[in-house]
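J.: This is the structure I want to talk about, given as structure tokens.
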Amino acid sequence: MSSLTPWQQRLATGTEDIQSEVIDWYRRSRHGKAYVPTMIWGTFQTEAYATVILRRVVDFLGVPDDVSAGVAKRMERQQVLHDGEHHYEVVLGEQALYTNVGGAVVMRGQMERLLRDSDLPSLALGVLPTAAEVNVVPMPGFNLHGDDRAHYELVSSGVDITDPGELALHEKAFSALSEAAAYADAAKELIRKAMAFWSDA
């Protein structure tokens with residue numbers, strides 16, 4: 001079963017309330033998984049990167065401008081990486097390291113953050129190389145919150161999937177993506193390569 005609510009409805013009061021809702025999702029889900037092919041996972045984002053992202057959301061959807069409050073909540077959400085009670089498996093597409101969000105200075109800072117956080121005990125960070133062969137068809141990014149919900153963010157809406165059979169397929173897909181991803185030193189090498197790119201930009 002899936003549910004869909006338009007972003008303009010959910011963001012009718014701005015970005016802060018929905019960021020608070022996301023914090024609750026993460027706090028309740030002690031074990032989460034995320035596949036993010038073209039941008040940096042929200043829980044990794046620097047303040048500068050998150051500010052650009054939420055500014056684009058506000059401008060694109062024409063919702064109330066509370067970007068500063070929304071960013072503050074997104075930074076609060078990152079506490080789950082350090083509380084010793086949560087664990088996340090995250091696969092970033094290599095493209096996420098090169099998608100230009102805010103220019104070279106913002107992107108360099110974001111690469112530094114990824115390198116720093118990649119060793120956190122709460123985290124298993126993989127980077128899926130652009131040319132990696134994956135045993136699953138290409139797909140948009142998604143989050144798995146515990147074992148009872150998958151979440152997609154689309155252009156006009158967010159979609160939650162709760163059907164057990166569909167969730168099992170998402171777990172299978174995530175396993176295939178994980179198997180093709182680079183981890184540990186190999187992932188760091190891809191991040192350093194991207195950092196060098198942004199240093200020269």
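Ligands are numbered from 1 in the order shown, residues from 1 within each chain, and chains are lettered A, B, ... in the order they appear in the structure tokens.
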Identify, on the basis of only C-alpha atoms, every residue whose closest approach to Met39 in chain A does not exceed 8 Å; exclude the query and any residue fewer than 5 positions from it along the same chain; express the result as a list of chain:residue names.

T.: A:Leu92, A:Gly93, A:Gln95, A:Ala96, A:Leu97, A:Thr99

J.: Could you write out that same residue set with C-alpha atoms as a short mmCIF file (atom, residue, chain, number, x, y, z; two decimals), in the first residue's frame?

T.:
data_model
loop_
_atom_site.label_atom_id
_atom_site.label_comp_id
_atom_site.auth_asym_id
_atom_site.auth_seq_id
_atom_site.Cartn_x
_atom_site.Cartn_y
_atom_site.Cartn_z
CA LEU A 92 25.36 7.56 -2.62
CA GLY A 93 25.63 7.57 -6.38
CA GLN A 95 27.00 11.56 -9.39
CA ALA A 96 25.89 12.94 -6.00
CA LEU A 97 29.50 14.06 -5.45
CA THR A 99 25.84 17.53 -8.74
#

J.: From a DSSP calculation on the backbone, collect every residue of range 17-151 of chain A in helix (DSSP H, G or I) and output the set as a ChimeraX atom specification.

T.: /A:17-28,42-44,47-61,67-81,94-97,104-117

J.: Counting only C-alpha atoms, which residue out of A:Pro37, A:Pro121, A:Gly102, A:Gly165 sits closest to Pro138 in chain A?

T.: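 Closest to Pro138 in chain A of all the choices is A:Pro37.
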
J.: Near Pro129 in chain A, within 9 Å and counting only C-alpha atoms, which residues show up once chain neighbours fewer than 3 positions away are dropped, as number ranges by chain?

T.: A: 92-95, 132-133, 180-182, 187, 190

J.: Only N, CA and C atoms, please: the residues just picked out, written as an mmCIF file, in the first residue's frame.

T.:
data_model
loop_
_atom_site.group_PDB
_atom_site.id
_atom_site.type_symbol
_atom_site.label_atom_id
_atom_site.label_comp_id
_atom_site.auth_asym_id
_atom_site.auth_seq_id
_atom_site.Cartn_x
_atom_site.Cartn_y
_atom_site.Cartn_z
ATOM 1 N N LEU A 92 25.431 6.359 -1.781
ATOM 2 C CA LEU A 92 25.364 7.556 -2.622
ATOM 3 C C LEU A 92 25.817 7.193 -4.028
ATOM 4 N N GLY A 93 25.116 7.682 -5.034
ATOM 5 C CA GLY A 93 25.626 7.567 -6.384
ATOM 6 C C GLY A 93 26.847 8.474 -6.534
ATOM 7 N N GLU A 94 27.837 8.045 -7.308
ATOM 8 C CA GLU A 94 29.002 8.914 -7.522
ATOM 9 C C GLU A 94 28.578 10.267 -8.074
ATOM 10 N N GLN A 95 27.495 10.295 -8.856
ATOM 11 C CA GLN A 95 26.997 11.556 -9.394
ATOM 12 C C GLN A 95 26.658 12.547 -8.283
ATOM 13 N N ALA A 132 29.570 1.363 -12.422
ATOM 14 C CA ALA A 132 29.361 0.070 -11.772
ATOM 15 C C ALA A 132 28.209 -0.686 -12.424
ATOM 16 N N GLU A 133 28.368 -1.984 -12.522
ATOM 17 C CA GLU A 133 27.290 -2.834 -13.006
ATOM 18 C C GLU A 133 26.470 -3.299 -11.800
ATOM 19 N N ALA A 180 27.268 -3.512 -5.256
ATOM 20 C CA ALA A 180 28.014 -2.874 -6.338
ATOM 21 C C ALA A 180 28.766 -1.619 -5.889
ATOM 22 N N ALA A 181 28.495 -1.164 -4.668
ATOM 23 C CA ALA A 181 29.086 0.087 -4.182
ATOM 24 C C ALA A 181 30.494 -0.123 -3.643
ATOM 25 N N ALA A 182 31.244 0.979 -3.590
ATOM 26 C CA ALA A 182 32.578 0.981 -2.979
ATOM 27 C C ALA A 182 32.452 1.438 -1.528
ATOM 28 N N ALA A 187 35.677 4.004 -1.143
ATOM 29 C CA ALA A 187 34.693 5.090 -1.159
ATOM 30 C C ALA A 187 35.374 6.431 -0.900
ATOM 31 N N LEU A 190 36.977 7.866 -3.980
ATOM 32 C CA LEU A 190 36.028 8.522 -4.879
ATOM 33 C C LEU A 190 35.655 9.906 -4.364
#

J.: Restrict the calculation to only C-alpha atoms, then for each residue of range 127-199 of chain A with any atom at most 12 Å from an atom of range 26-30 of chain A give the closest atom pair and their distance in Å to one decimal, rows by chain and rising residue number, as JSON lines.

T.:
{"residue": "A:Asn143", "atom": "CA", "partner": "A:Tyr26", "partner_atom": "CA", "distance": 10.6}
{"residue": "A:Leu144", "atom": "CA", "partner": "A:Ser29", "partner_atom": "CA", "distance": 9.1}
{"residue": "A:His145", "atom": "CA", "partner": "A:Ser29", "partner_atom": "CA", "distance": 5.6}
{"residue": "A:Gly146", "atom": "CA", "partner": "A:Ser29", "partner_atom": "CA", "distance": 5.0}
{"residue": "A:Asp147", "atom": "CA", "partner": "A:Ser29", "partner_atom": "CA", "distance": 8.6}
{"residue": "A:Asp148", "atom": "CA", "partner": "A:Ser29", "partner_atom": "CA", "distance": 9.5}
{"residue": "A:Arg149", "atom": "CA", "partner": "A:Ser29", "partner_atom": "CA", "distance": 9.9}
{"residue": "A:Ala150", "atom": "CA", "partner": "A:Ser29", "partner_atom": "CA", "distance": 11.7}

J.: Selection from above, N, CA and C atoms, as a JSON list (two decimals), in the first residue's frame, can you write it?

T.:
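What landed in out-v7.json:
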[["chain", "number", "residue", "atom", "x", "y", "z"],
["A", 143, "ASN", "N", 14.36, 5.91, 0.71],
["A", 143, "ASN", "CA", 14.78, 5.67, 2.09],
["A", 143, "ASN", "C", 13.97, 4.52, 2.67],
["A", 144, "LEU", "N", 14.60, 3.68, 3.45],
["A", 144, "LEU", "CA", 13.92, 2.64, 4.20],
["A", 144, "LEU", "C", 14.03, 2.98, 5.68],
["A", 145, "HIS", "N", 12.90, 3.24, 6.31],
["A", 145, "HIS", "CA", 12.86, 3.58, 7.73],
["A", 145, "HIS", "C", 12.45, 2.33, 8.50],
["A", 146, "GLY", "N", 13.42, 1.69, 9.14],
["A", 146, "GLY", "CA", 13.14, 0.44, 9.82],
["A", 146, "GLY", "C", 12.69, -0.61, 8.82],
["A", 147, "ASP", "N", 11.74, -1.45, 9.22],
["A", 147, "ASP", "CA", 11.27, -2.50, 8.33],
["A", 147, "ASP", "C", 9.80, -2.32, 7.94],
["A", 148, "ASP", "N", 9.28, -1.08, 8.12],
["A", 148, "ASP", "CA", 7.85, -0.91, 7.85],
["A", 148, "ASP", "C", 7.51, 0.22, 6.90],
["A", 149, "ARG", "N", 8.53, 0.91, 6.32],
["A", 149, "ARG", "CA", 8.18, 2.02, 5.42],
["A", 149, "ARG", "C", 9.33, 2.34, 4.48],
["A", 150, "ALA", "N", 8.98, 2.52, 3.21],
["A", 150, "ALA", "CA", 9.91, 3.06, 2.22],
["A", 150, "ALA", "C", 9.37, 4.42, 1.80]]

J.: Contacts of range 49-56 of chain A at 7 Å or less, counting only C-alpha atoms, minus same-chain residues fewer than 2 places along, as a list in words?

T.: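 Neighbouring residues, sequence-local ones excluded: Gln45, Thr46, Glu47, Val58, Asp59, Phe60, Val67, Val71, Val101, Gly102 and Val106 of chain A.
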
J.: In Å to one decimal, how far is CA of Val155 in chain A from CA of Ala12 in chain A?

T.: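 Rounded to one decimal, the two atoms are 15.9 Å apart.
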
J.: Could you check which of A:Phe44, A:Trp7, A:Tyr98, A:Tyr152 is closest to Met139 in chain A, using only C-alpha atoms?

T.: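 Among the listed residues, A:Tyr152 lies closest to Met139 in chain A.
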
J.: Considering only C-alpha atoms, state which residue in the set A:Gln78, A:Ser199, A:Thr130, A:Thr38 is at the smallest distance from Asp117 in chain A.

T.: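 Nearest to Asp117 in chain A: A:Gln78.
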
J.: Could you check how far CA of Val22 in chain A sits from CA of Arg77 in chain A, in Å to one decimal?

T.: 7.7 Å

J.: Determine which residues of range 97-167 of chain A DSSP labels as strand (DSSP E or B) from the backbone of this structure, then write them out as a VMD selection string.

T.: chain A and resid 123 to 128 142 to 145 149 to 153 157 to 161

J.: Which is closest to Ala173 in chain A among A:Leu81, A:Val91, A:Asp66, A:Asn135, if we use only C-alpha atoms?

T.: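 Answer, going by the shortest atom-to-atom distance: A:Asn135.
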
J.: Using only C-alpha atoms, which protein or nucleic acid residues come within 8 Å of Arg108 in chain A? Drop anything in the same chain fewer than 2 positions from it, and give the result as a PyMOL selection string.

T.: chain A and resi 104-106+110-112+195+198-199

J.: Could you dump the residues just selected with C-alpha atoms as a compact mmCIF listing (two decimals), in the first residue's frame?

T.:
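This went into out.txt:
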# COMPACT_ATOMS: atom_id res chain seq x y z
CA ALA A 104 32.68 24.95 -5.57
CA VAL A 105 33.08 26.30 -2.02
CA VAL A 106 29.88 24.61 -0.81
CA GLN A 110 30.43 18.93 1.67
CA MET A 111 33.16 16.55 0.50
CA GLU A 112 35.15 17.32 3.65
CA MET A 195 37.08 17.09 -3.73
CA TRP A 198 35.81 21.06 -6.77
CA SER A 199 39.16 22.45 -5.64

J.: Restricting the calculation to only C-alpha atoms: of A:Gly70, A:Pro64, A:Gly126, A:Gly158, which residue gets closest to Lys188 in chain A?

T.: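 The closest residue to Lys188 in chain A is A:Gly126.
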